[in-house]
Amino acid sequence: MNSARALLLLTLFVLSGPAVSATLHELASSELRQAARSGDVISLKRVIEALAASTDGEPIEARAFADDDLYYRIVLKKPDGTIVSFIVNARTGEQVAKGSALGRQIAAAAEAGSKSKGKSQAAGSKGKAGGNGNGNGNGNGNGNGGGNGKGGGNGKN
């Protein structure tokens, strides 16, 4: 009976929907540079520029993920302050639907990667406090008023 149950579970798993590679991983900078040198992918800079121009958004994060293909996940801040993200196939330039199995998997990997790094991925922070350190800017003691703080910060929110 146990082998029949295991076979049923395996069958349900295989038939449960479109297959998505379990080998999805975020590319390191060196891996991305190597892929770009191969000429098989659209440059990340070109994709960011195109998305920023079409949405009038400011890029705040860009990451590359690979499984059987290479994908960029780009996060932009629009002029009205809304944050939007796009997933783009780096070889074809086609946008991947966020609601698709692959789109959900890439979004989950990006979220998990942000949490595991233990640093903020907030708009433009890039791990720096941007001069909002402990100074006495305009006498408020937080350095936020006149920017006379020590800055530095630790990038943690």
# chains A, B, ... in the order shown; residues from 1 in each chain; ligands from 1
call {"tool": "residues_around", "arguments": {"residues": "Lys98 of chain A", "least_positions_apart": "4", "cutoff": "8 Å", "atoms": "only C-alpha atoms", "output": "ChimeraX atom specification"}}
result
/A:86-87,102-104,107
call {"tool": "residues_around", "arguments": {"residues": "segment 89-91 of chain A", "least_positions_apart": "2", "cutoff": "12 Å", "atoms": "only C-alpha atoms", "output": "PyMOL selection string"}}
result
chain A and resi 32+35-36+38-48+63-74+86-87+93-97+102-103+106
